[in-house]
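J.: Below you'll find model39.pdb; it's PDB, C-alpha atoms and all ligand atoms.
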ATOM      1  CA  MET A   1      14.836   9.530 -14.293  1.00  0.00           C
ATOM      2  CA  THR A   2      15.635  12.171 -11.734  1.00  0.00           C
ATOM      3  CA  ILE A   3      15.363  12.284  -7.978  1.00  0.00           C
ATOM      4  CA  ARG A   4      13.612  15.532  -7.111  1.00  0.00           C
ATOM      5  CA  LYS A   5      13.673  17.480  -3.881  1.00  0.00           C
ATOM      6  CA  ILE A   6      10.731  16.805  -1.572  1.00  0.00           C
ATOM      7  CA  LEU A   7       9.201  19.956  -0.091  1.00  0.00           C
ATOM      8  CA  THR A   8       8.621  19.937   3.647  1.00  0.00           C
ATOM      9  CA  GLU A   9       6.268  21.730   5.969  1.00  0.00           C
ATOM     10  CA  PRO A  10       6.084  24.684   6.480  1.00  0.00           C
ATOM     11  CA  ASN A  11       5.956  25.497   2.760  1.00  0.00           C
ATOM     12  CA  LYS A  12       3.005  27.308   1.175  1.00  0.00           C
ATOM     13  CA  ILE A  13       3.330  25.295  -2.046  1.00  0.00           C
ATOM     14  CA  LEU A  14       2.173  22.195  -0.139  1.00  0.00           C
ATOM     15  CA  ARG A  15      -1.090  24.058   0.560  1.00  0.00           C
ATOM     16  CA  GLN A  16      -1.935  24.609  -3.117  1.00  0.00           C
ATOM     17  CA  VAL A  17      -4.857  22.760  -4.649  1.00  0.00           C
ATOM     18  CA  SER A  18      -3.487  20.692  -7.544  1.00  0.00           C
ATOM     19  CA  LYS A  19      -4.911  21.004 -11.051  1.00  0.00           C
ATOM     20  CA  THR A  20      -6.704  18.351 -13.076  1.00  0.00           C
ATOM     21  CA  VAL A  21      -4.541  16.732 -15.757  1.00  0.00           C
ATOM     22  CA  GLU A  22      -6.098  17.237 -19.202  1.00  0.00           C
ATOM     23  CA  PHE A  23      -4.072  14.611 -20.991  1.00  0.00           C
ATOM     24  CA  VAL A  24      -1.691  11.863 -19.881  1.00  0.00           C
ATOM     25  CA  GLY A  25       1.231  12.298 -22.269  1.00  0.00           C
ATOM     26  CA  LYS A  26       5.011  11.915 -22.296  1.00  0.00           C
ATOM     27  CA  GLU A  27       5.530  14.833 -19.937  1.00  0.00           C
ATOM     28  CA  GLU A  28       3.149  13.385 -17.338  1.00  0.00           C
ATOM     29  CA  GLN A  29       4.721   9.933 -17.700  1.00  0.00           C
ATOM     30  CA  ARG A  30       8.170  11.397 -17.176  1.00  0.00           C
ATOM     31  CA  LEU A  31       6.846  13.156 -14.076  1.00  0.00           C
ATOM     32  CA  MET A  32       5.419   9.859 -12.781  1.00  0.00           C
ATOM     33  CA  ASP A  33       8.794   8.153 -13.368  1.00  0.00           C
ATOM     34  CA  ASP A  34      10.598  10.895 -11.439  1.00  0.00           C
ATOM     35  CA  MET A  35       8.043  10.785  -8.651  1.00  0.00           C
ATOM     36  CA  LEU A  36       8.451   7.031  -8.292  1.00  0.00           C
ATOM     37  CA  GLU A  37      12.236   7.269  -8.189  1.00  0.00           C
ATOM     38  CA  THR A  38      12.056  10.123  -5.674  1.00  0.00           C
ATOM     39  CA  MET A  39       9.618   8.124  -3.526  1.00  0.00           C
ATOM     40  CA  TYR A  40      11.783   4.985  -3.524  1.00  0.00           C
ATOM     41  CA  HIS A  41      14.873   7.049  -2.769  1.00  0.00           C
ATOM     42  CA  ALA A  42      13.135   8.581   0.259  1.00  0.00           C
ATOM     43  CA  ASN A  43      11.811   5.158   1.404  1.00  0.00           C
ATOM     44  CA  GLY A  44       8.221   6.343   1.101  1.00  0.00           C
ATOM     45  CA  ILE A  45       5.198   4.312   0.054  1.00  0.00           C
ATOM     46  CA  GLY A  46       3.406   7.156  -1.692  1.00  0.00           C
ATOM     47  CA  LEU A  47       4.039  10.560  -3.226  1.00  0.00           C
ATOM     48  CA  ALA A  48       1.860  13.314  -4.654  1.00  0.00           C
ATOM     49  CA  ALA A  49       3.225  15.606  -7.374  1.00  0.00           C
ATOM     50  CA  ILE A  50       2.795  18.698  -5.184  1.00  0.00           C
ATOM     51  CA  GLN A  51       5.369  17.245  -2.789  1.00  0.00           C
ATOM     52  CA  ILE A  52       7.972  17.897  -5.462  1.00  0.00           C
ATOM     53  CA  GLY A  53       6.403  21.273  -6.212  1.00  0.00           C
ATOM     54  CA  ILE A  54       4.214  20.329  -9.184  1.00  0.00           C
ATOM     55  CA  PRO A  55       0.518  21.152  -8.704  1.00  0.00           C
ATOM     56  CA  LYS A  56      -0.913  18.353 -10.863  1.00  0.00           C
ATOM     57  CA  ARG A  57      -3.388  15.734  -9.663  1.00  0.00           C
ATOM     58  CA  ILE A  58      -0.926  12.854  -9.886  1.00  0.00           C
ATOM     59  CA  ILE A  59      -0.040  10.249  -7.241  1.00  0.00           C
ATOM     60  CA  VAL A  60       2.356   7.314  -7.196  1.00  0.00           C
ATOM     61  CA  LEU A  61       2.227   4.509  -4.638  1.00  0.00           C
ATOM     62  CA  ASP A  62       4.057   1.307  -3.873  1.00  0.00           C
ATOM     63  CA  ILE A  63       2.957  -0.444  -0.711  1.00  0.00           C
ATOM     64  CA  SER A  64       4.696  -3.736  -1.508  1.00  0.00           C
ATOM     65  CA  LYS A  65       6.820  -4.928   1.395  1.00  0.00           C
ATOM     66  CA  ASN A  66       9.188  -6.898  -0.790  1.00  0.00           C
ATOM     67  CA  LYS A  67      11.893  -4.610  -2.170  1.00  0.00           C
ATOM     68  CA  GLU A  68      12.683  -7.097  -4.947  1.00  0.00           C
ATOM     69  CA  LYS A  69       9.120  -7.295  -6.211  1.00  0.00           C
ATOM     70  CA  LYS A  70       8.201  -3.704  -6.792  1.00  0.00           C
ATOM     71  CA  ASN A  71       4.574  -2.882  -7.427  1.00  0.00           C
ATOM     72  CA  PRO A  72       4.324   0.735  -8.555  1.00  0.00           C
ATOM     73  CA  MET A  73       0.839   2.201  -8.912  1.00  0.00           C
ATOM     74  CA  TYR A  74      -0.019   5.416 -10.713  1.00  0.00           C
ATOM     75  CA  PHE A  75      -3.128   7.538 -10.209  1.00  0.00           C
ATOM     76  CA  VAL A  76      -4.035  10.553 -12.332  1.00  0.00           C
ATOM     77  CA  ASN A  77      -7.094  12.684 -11.400  1.00  0.00           C
ATOM     78  CA  PRO A  78      -8.257  10.237  -8.706  1.00  0.00           C
ATOM     79  CA  VAL A  79     -11.809  10.660  -7.411  1.00  0.00           C
ATOM     80  CA  ILE A  80     -13.367   8.861  -4.447  1.00  0.00           C
ATOM     81  CA  ASN A  81     -16.707   7.399  -5.517  1.00  0.00           C
ATOM     82  CA  SER A  82     -17.682   6.000  -2.155  1.00  0.00           C
ATOM     83  CA  LYS A  83     -16.275   5.728   1.325  1.00  0.00           C
ATOM     84  CA  ASP A  84     -16.896   3.144   3.998  1.00  0.00           C
ATOM     85  CA  SER A  85     -18.829   4.313   7.067  1.00  0.00           C
ATOM     86  CA  GLU A  86     -16.471   2.217   9.156  1.00  0.00           C
ATOM     87  CA  SER A  87     -13.181   3.908   9.955  1.00  0.00           C
ATOM     88  CA  SER A  88      -9.752   2.603  10.797  1.00  0.00           C
ATOM     89  CA  THR A  89      -6.802   4.137  12.574  1.00  0.00           C
ATOM     90  CA  TYR A  90      -3.314   4.089  11.181  1.00  0.00           C
ATOM     91  CA  GLU A  91      -0.063   5.586  12.377  1.00  0.00           C
ATOM     92  CA  GLU A  92       0.727   7.914   9.502  1.00  0.00           C
ATOM     93  CA  GLY A  93       3.867   9.633   8.443  1.00  0.00           C
ATOM     94  CA  CYS A  94       4.567  11.964   5.544  1.00  0.00           C
ATOM     95  CA  LEU A  95       7.696  12.698   3.547  1.00  0.00           C
ATOM     96  CA  SER A  96       6.709  16.383   3.775  1.00  0.00           C
ATOM     97  CA  VAL A  97       6.491  16.151   7.583  1.00  0.00           C
ATOM     98  CA  PRO A  98       9.721  14.218   8.119  1.00  0.00           C
ATOM     99  CA  ASN A  99      10.153  12.054  11.221  1.00  0.00           C
ATOM    100  CA  TYR A 100       6.781  12.776  12.815  1.00  0.00           C
ATOM    101  CA  PHE A 101       4.172  10.046  13.137  1.00  0.00           C
ATOM    102  CA  ALA A 102       0.661  10.172  14.515  1.00  0.00           C
ATOM    103  CA  GLU A 103      -2.537   8.160  14.471  1.00  0.00           C
ATOM    104  CA  VAL A 104      -5.169   9.318  11.982  1.00  0.00           C
ATOM    105  CA  ASP A 105      -8.733   7.976  11.526  1.00  0.00           C
ATOM    106  CA  ARG A 106      -9.985   7.545   7.971  1.00  0.00           C
ATOM    107  CA  PRO A 107     -12.656   5.486   6.215  1.00  0.00           C
ATOM    108  CA  LYS A 108     -11.522   1.860   6.210  1.00  0.00           C
ATOM    109  CA  LYS A 109     -12.442   1.237   2.586  1.00  0.00           C
ATOM    110  CA  CYS A 110     -13.027   3.431  -0.434  1.00  0.00           C
ATOM    111  CA  LYS A 111     -13.832   3.052  -4.108  1.00  0.00           C
ATOM    112  CA  ILE A 112     -11.925   5.274  -6.457  1.00  0.00           C
ATOM    113  CA  GLN A 113     -11.739   6.047 -10.157  1.00  0.00           C
ATOM    114  CA  TYR A 114      -8.664   7.431 -11.854  1.00  0.00           C
ATOM    115  CA  LEU A 115      -6.564   7.365 -15.009  1.00  0.00           C
ATOM    116  CA  ASP A 116      -3.591   5.004 -15.059  1.00  0.00           C
ATOM    117  CA  TYR A 117      -0.045   5.529 -16.435  1.00  0.00           C
ATOM    118  CA  ASN A 118      -1.419   5.164 -19.966  1.00  0.00           C
ATOM    119  CA  GLY A 119      -4.350   7.511 -19.448  1.00  0.00           C
ATOM    120  CA  LYS A 120      -6.825   4.650 -19.288  1.00  0.00           C
ATOM    121  CA  LYS A 121      -9.791   4.952 -16.944  1.00  0.00           C
ATOM    122  CA  GLN A 122      -9.719   2.527 -14.021  1.00  0.00           C
ATOM    123  CA  ILE A 123     -11.797   1.810 -10.964  1.00  0.00           C
ATOM    124  CA  LEU A 124     -10.474   0.276  -7.771  1.00  0.00           C
ATOM    125  CA  GLU A 125     -11.878  -0.892  -4.453  1.00  0.00           C
ATOM    126  CA  THR A 126      -9.346  -0.452  -1.714  1.00  0.00           C
ATOM    127  CA  ASP A 127      -9.013  -1.244   1.948  1.00  0.00           C
ATOM    128  CA  GLY A 128      -6.285  -1.529   4.563  1.00  0.00           C
ATOM    129  CA  LEU A 129      -3.004   0.285   4.004  1.00  0.00           C
ATOM    130  CA  LEU A 130      -3.787   1.019   0.357  1.00  0.00           C
ATOM    131  CA  ALA A 131      -7.038   2.800   1.273  1.00  0.00           C
ATOM    132  CA  THR A 132      -5.255   4.808   3.965  1.00  0.00           C
ATOM    133  CA  CYS A 133      -2.441   5.787   1.629  1.00  0.00           C
ATOM    134  CA  ILE A 134      -4.645   6.788  -1.265  1.00  0.00           C
ATOM    135  CA  GLN A 135      -6.672   9.004   1.037  1.00  0.00           C
ATOM    136  CA  HIS A 136      -3.476  10.507   2.486  1.00  0.00           C
ATOM    137  CA  GLU A 137      -2.208  11.223  -1.048  1.00  0.00           C
ATOM    138  CA  MET A 138      -5.546  12.587  -2.227  1.00  0.00           C
ATOM    139  CA  ASP A 139      -5.448  15.014   0.696  1.00  0.00           C
ATOM    140  CA  HIS A 140      -2.157  16.350  -0.718  1.00  0.00           C
ATOM    141  CA  LEU A 141      -4.023  17.211  -3.941  1.00  0.00           C
ATOM    142  CA  GLU A 142      -6.242  19.492  -1.837  1.00  0.00           C
ATOM    143  CA  GLY A 143      -3.338  20.994   0.092  1.00  0.00           C
ATOM    144  CA  ILE A 144      -4.137  18.980   3.219  1.00  0.00           C
ATOM    145  CA  LEU A 145      -1.501  17.295   5.405  1.00  0.00           C
ATOM    146  CA  PHE A 146      -2.118  14.622   8.059  1.00  0.00           C
ATOM    147  CA  ILE A 147      -1.072  17.037  10.788  1.00  0.00           C
ATOM    148  CA  ASP A 148      -4.194  19.063   9.961  1.00  0.00           C
ATOM    149  CA  TYR A 149      -6.197  16.300  11.693  1.00  0.00           C
ATOM    150  CA  LEU A 150      -4.257  16.548  14.951  1.00  0.00           C
ATOM    151  CA  SER A 151      -5.028  18.838  17.859  1.00  0.00           C
ATOM    152  CA  LYS A 152      -3.984  22.437  17.351  1.00  0.00           C
ATOM    153  CA  LEU A 153      -1.388  21.996  20.070  1.00  0.00           C
ATOM    154  CA  LYS A 154       0.283  18.974  18.447  1.00  0.00           C
ATOM    155  CA  LYS A 155       0.166  20.536  15.008  1.00  0.00           C
ATOM    156  CA  THR A 156       1.674  23.821  16.160  1.00  0.00           C
ATOM    157  CA  MET A 157       4.397  21.947  18.023  1.00  0.00           C
ATOM    158  CA  ILE A 158       5.302  19.912  14.935  1.00  0.00           C
ATOM    159  CA  VAL A 159       5.313  22.870  12.536  1.00  0.00           C
ATOM    160  CA  LYS A 160       7.401  24.900  14.971  1.00  0.00           C
ATOM    161  CA  LYS A 161       9.952  22.119  15.368  1.00  0.00           C
ATOM    162  CA  LEU A 162      10.076  21.502  11.611  1.00  0.00           C
ATOM    163  CA  SER A 163      10.716  25.146  10.829  1.00  0.00           C
ATOM    164  CA  LYS A 164      13.704  25.110  13.171  1.00  0.00           C
ATOM    165  CA  GLN A 165      15.023  21.684  12.375  1.00  0.00           C
ATOM    166  CA  LYS A 166      17.648  21.184   9.719  1.00  0.00           C
ATOM    167  CA  GLU A 167      18.901  17.649  10.084  1.00  0.00           C
ATOM    168  CA  LYS A 168      17.241  14.319  10.728  1.00  0.00           C
ATOM    169  CA  PRO A 169      16.370  13.393  14.302  1.00  0.00           C
ATOM    170  CA  ASP A 170      14.899   9.989  15.224  1.00  0.00           C
ATOM    171  CA  ARG A 171      11.265   8.991  14.931  1.00  0.00           C
ATOM    172  CA  ILE A 172       9.051  11.239  17.010  1.00  0.00           C
ATOM    173  CA  ILE A 173       5.651   9.761  17.806  1.00  0.00           C
ATOM    174  CA  VAL A 174       3.157  12.309  19.052  1.00  0.00           C
TER     175      VAL A 174
HETATM  176  O1  LIG B 201       5.734   6.966   3.161  1.00  0.00           O
HETATM  177  C1  LIG B 201       4.628   7.214   3.642  1.00  0.00           C
HETATM  178  N1  LIG B 201       4.113   6.391   4.575  1.00  0.00           N
HETATM  179  C2  LIG B 201       2.807   6.473   5.030  1.00  0.00           C
HETATM  180  C3  LIG B 201       2.456   5.755   6.161  1.00  0.00           C
HETATM  181  C4  LIG B 201       1.173   5.791   6.639  1.00  0.00           C
HETATM  182  C5  LIG B 201       0.219   6.527   5.999  1.00  0.00           C
HETATM  183  C6  LIG B 201       0.551   7.264   4.872  1.00  0.00           C
HETATM  184  C7  LIG B 201       1.835   7.231   4.388  1.00  0.00           C
HETATM  185  S1  LIG B 201       2.230   8.118   2.958  1.00  0.00           S
HETATM  186  C8  LIG B 201       3.915   8.430   3.222  1.00  0.00           C
HETATM  187  C9  LIG B 201       4.534   9.092   2.006  1.00  0.00           C
HETATM  188  C10 LIG B 201       3.919  10.440   1.807  1.00  0.00           C
HETATM  189  O2  LIG B 201       4.155  11.402   2.453  1.00  0.00           O
HETATM  190  N2  LIG B 201       3.033  10.539   0.865  1.00  0.00           N
HETATM  191  O3  LIG B 201       2.400  11.696   0.636  1.00  0.00           O
HETATM  192 NI    NI B 202       2.364  12.698   2.558  1.00  0.00          NI
END
Would you mind writing the file's structure down as structure tokens?
T.:
Amino acid sequence: MTIRKILTEPNKILRQVSKTVEFVGKEEQRLMDDMLETMYHANGIGLAAIQIGIPKRIIVLDISKNKEKKNPMYFVNPVINSKDSESSTYEEGCLSVPNYFAEVDRPKKCKIQYLDYNGKKQILETDGLLATCIQHEMDHLEGILFIDYLSKLKKTMIVKKLSKQKEKPDRIIV
């Protein structure tokens, strides 16, 4: 497995719409392995393939708190079948928008269908952090970042700072 470089905003590649995966084979599984390793290395809880520059509709997630008991999840071609009318607010971050955090409203629950690591069709009802994360990752597949939901002023400020910034500052909550 290989740790890949995570692209950060501003980068046009992050704005691409990812392509549907026709077949889950060895190449896709290797990509999922690399994505998972890259995500763990960066201390993230989710990663979309486009974040490492590959425009395929593939997501990995691990929201388990316990570092010893890993719980990797793989989603290929995920589709949201239904969304809750109730929304919830979560302070989101993104490995492609390093060190910036902001509150985002999203549907509290959603039902999704997807292919798993073995290409088998699955359905899943999610809520809480998992629902938030899956929606955040699915946005990446459409070229959308969480900062797109912020005011123009906040977004512009973040993008401007990111394009100047080279090294890691502390957490910046906007
Ligand atoms: O690591 C991540 N944490 C996170 C926290 C709140 C809401 C969404 C996320 S996803 C993010 C990793 C990432 O950028 N995935 O695309
Ligand atoms: Ni992200």
J.: Under the rule that all atoms listed in the file are counted, which of A:Glu9, A:Glu103, A:Glu125, A:Glu142 is the nearest residue to Asn81 of chain A?
T.: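 Under the stated criterion, the closest residue is A:Glu125.
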J.: To test your reading of the syntax: which residues would the PyMOL selection byres (((chain A and resi 11) around 12) and not hetatm) return for the file shown? Reply as a list in words.
T.: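 After applying the PyMOL selection byres (((chain A and resi 11) around 12) and not hetatm), what remains is Ile6, Leu7, Thr8, Glu9, Pro10, Lys12, Ile13, Leu14, Arg15, Gln16, Ile50, Gln51, Ile52, Gly53, Ser96, Val97, Gly143, Leu145, Val159, Leu162 and Ser163 of chain A.
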J.: Would you mind listing what lies within 10 Å of Ile147 of chain A as a list in words, with all atoms listed in the file counted and same-chain residues fewer than 3 positions away left out?
T.: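 My reading of the contact set: Glu9, Glu92, Gly93, Cys94, Val97, Tyr100, Phe101, Ala102, Glu103, Val104, Ile144, Leu150, Ser151, Lys152, Lys154, Lys155, Thr156, Ile158 and Val159 of chain A.
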J.: Which one of A:Leu95, A:Leu130, A:Ile112, A:Leu141 sits closest to Asp62 of chain A if you count only C-alpha atoms?
T.: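 Result for the nearest residue to Asp62 of chain A: A:Leu130.
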J.: So which residues touch Gly128 of chain A within 9 Å, counting all atoms listed in the file, skipping near sequence neighbours fewer than 2 positions away, as a ChimeraX atom specification?
T.: /A:88,108-109,126,130-133
J.: Using only C-alpha atoms and all ligand atoms, which residue out of A:Thr38, A:Gln165, A:Gln122, A:Asn66 lies closest to ligand LIG 201 (chain B)?
T.: A:Thr38
J.: Take the PyMOL selection byres (((chain A and resi 57-61) around 9) and not hetatm), apply it to the structure above, and return the hits as a PyMOL selection string.
T.: chain A and resi 17-21+28+31-33+35-36+39+44-50+54-56+62-63+71-78+130+133-134+137-138+141
J.: Figure out the distance between atom C10 of ligand LIG 201 (chain B) and atom CA of Asn43 of chain A, please, to one decimal in Å.
T.: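 Going from atom CA of Asn43 of chain A over to atom C10 of ligand LIG 201 (chain B), I get 9.5 Å.
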J.: Work out how far apart atom C8 of ligand LIG 201 (chain B) and atom CA of Lys121 of chain A are and give it in Å to one decimal.
T.: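 If I compute the distance from atom C8 of ligand LIG 201 (chain B) to atom CA of Lys121 of chain A, I get 24.6 Å.
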J.: Have a look at A:Lys111, A:Leu153, A:Val174, A:Pro98 and name the one nearest to ligand NI 202 (chain B); count only C-alpha atoms and all ligand atoms.
T.: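 Between A:Lys111, A:Leu153, A:Val174, A:Pro98, the residue approaching ligand NI 202 (chain B) most closely is A:Pro98.
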J.: As an exercise, work out the distance from atom CA of Ser64 of chain A to atom CA of Asp34 of chain A in Å and give it to one decimal place.
T.: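 Interatomic distance here is 18.6 Å.
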J.: I'd like to know which of A:Lys83, A:Lys69, A:Thr2, A:Asp139 is closest to ligand NI 202 (chain B), using all atoms listed in the file.
T.: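 Under the stated criterion, the closest residue is A:Asp139.
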J.: Step by step, gather every atom of segment 15-18 of chain A that the file lists, find the box along x, y and z that holds them, add 5 Å on each side, and finally give centre and edge lengths in Å to one decimal, as JSON.
T.:
{"center_x": -3.0, "center_y": 22.7, "center_z": -3.5, "size_x": 13.8, "size_y": 13.9, "size_z": 18.1}
J.: Which of these, A:Ala42, A:Phe23, A:Ile123, A:Met157, has the shortest distance to ligand NI 202 (chain B) once you count only C-alpha atoms and all ligand atoms?
T.: A:Ala42
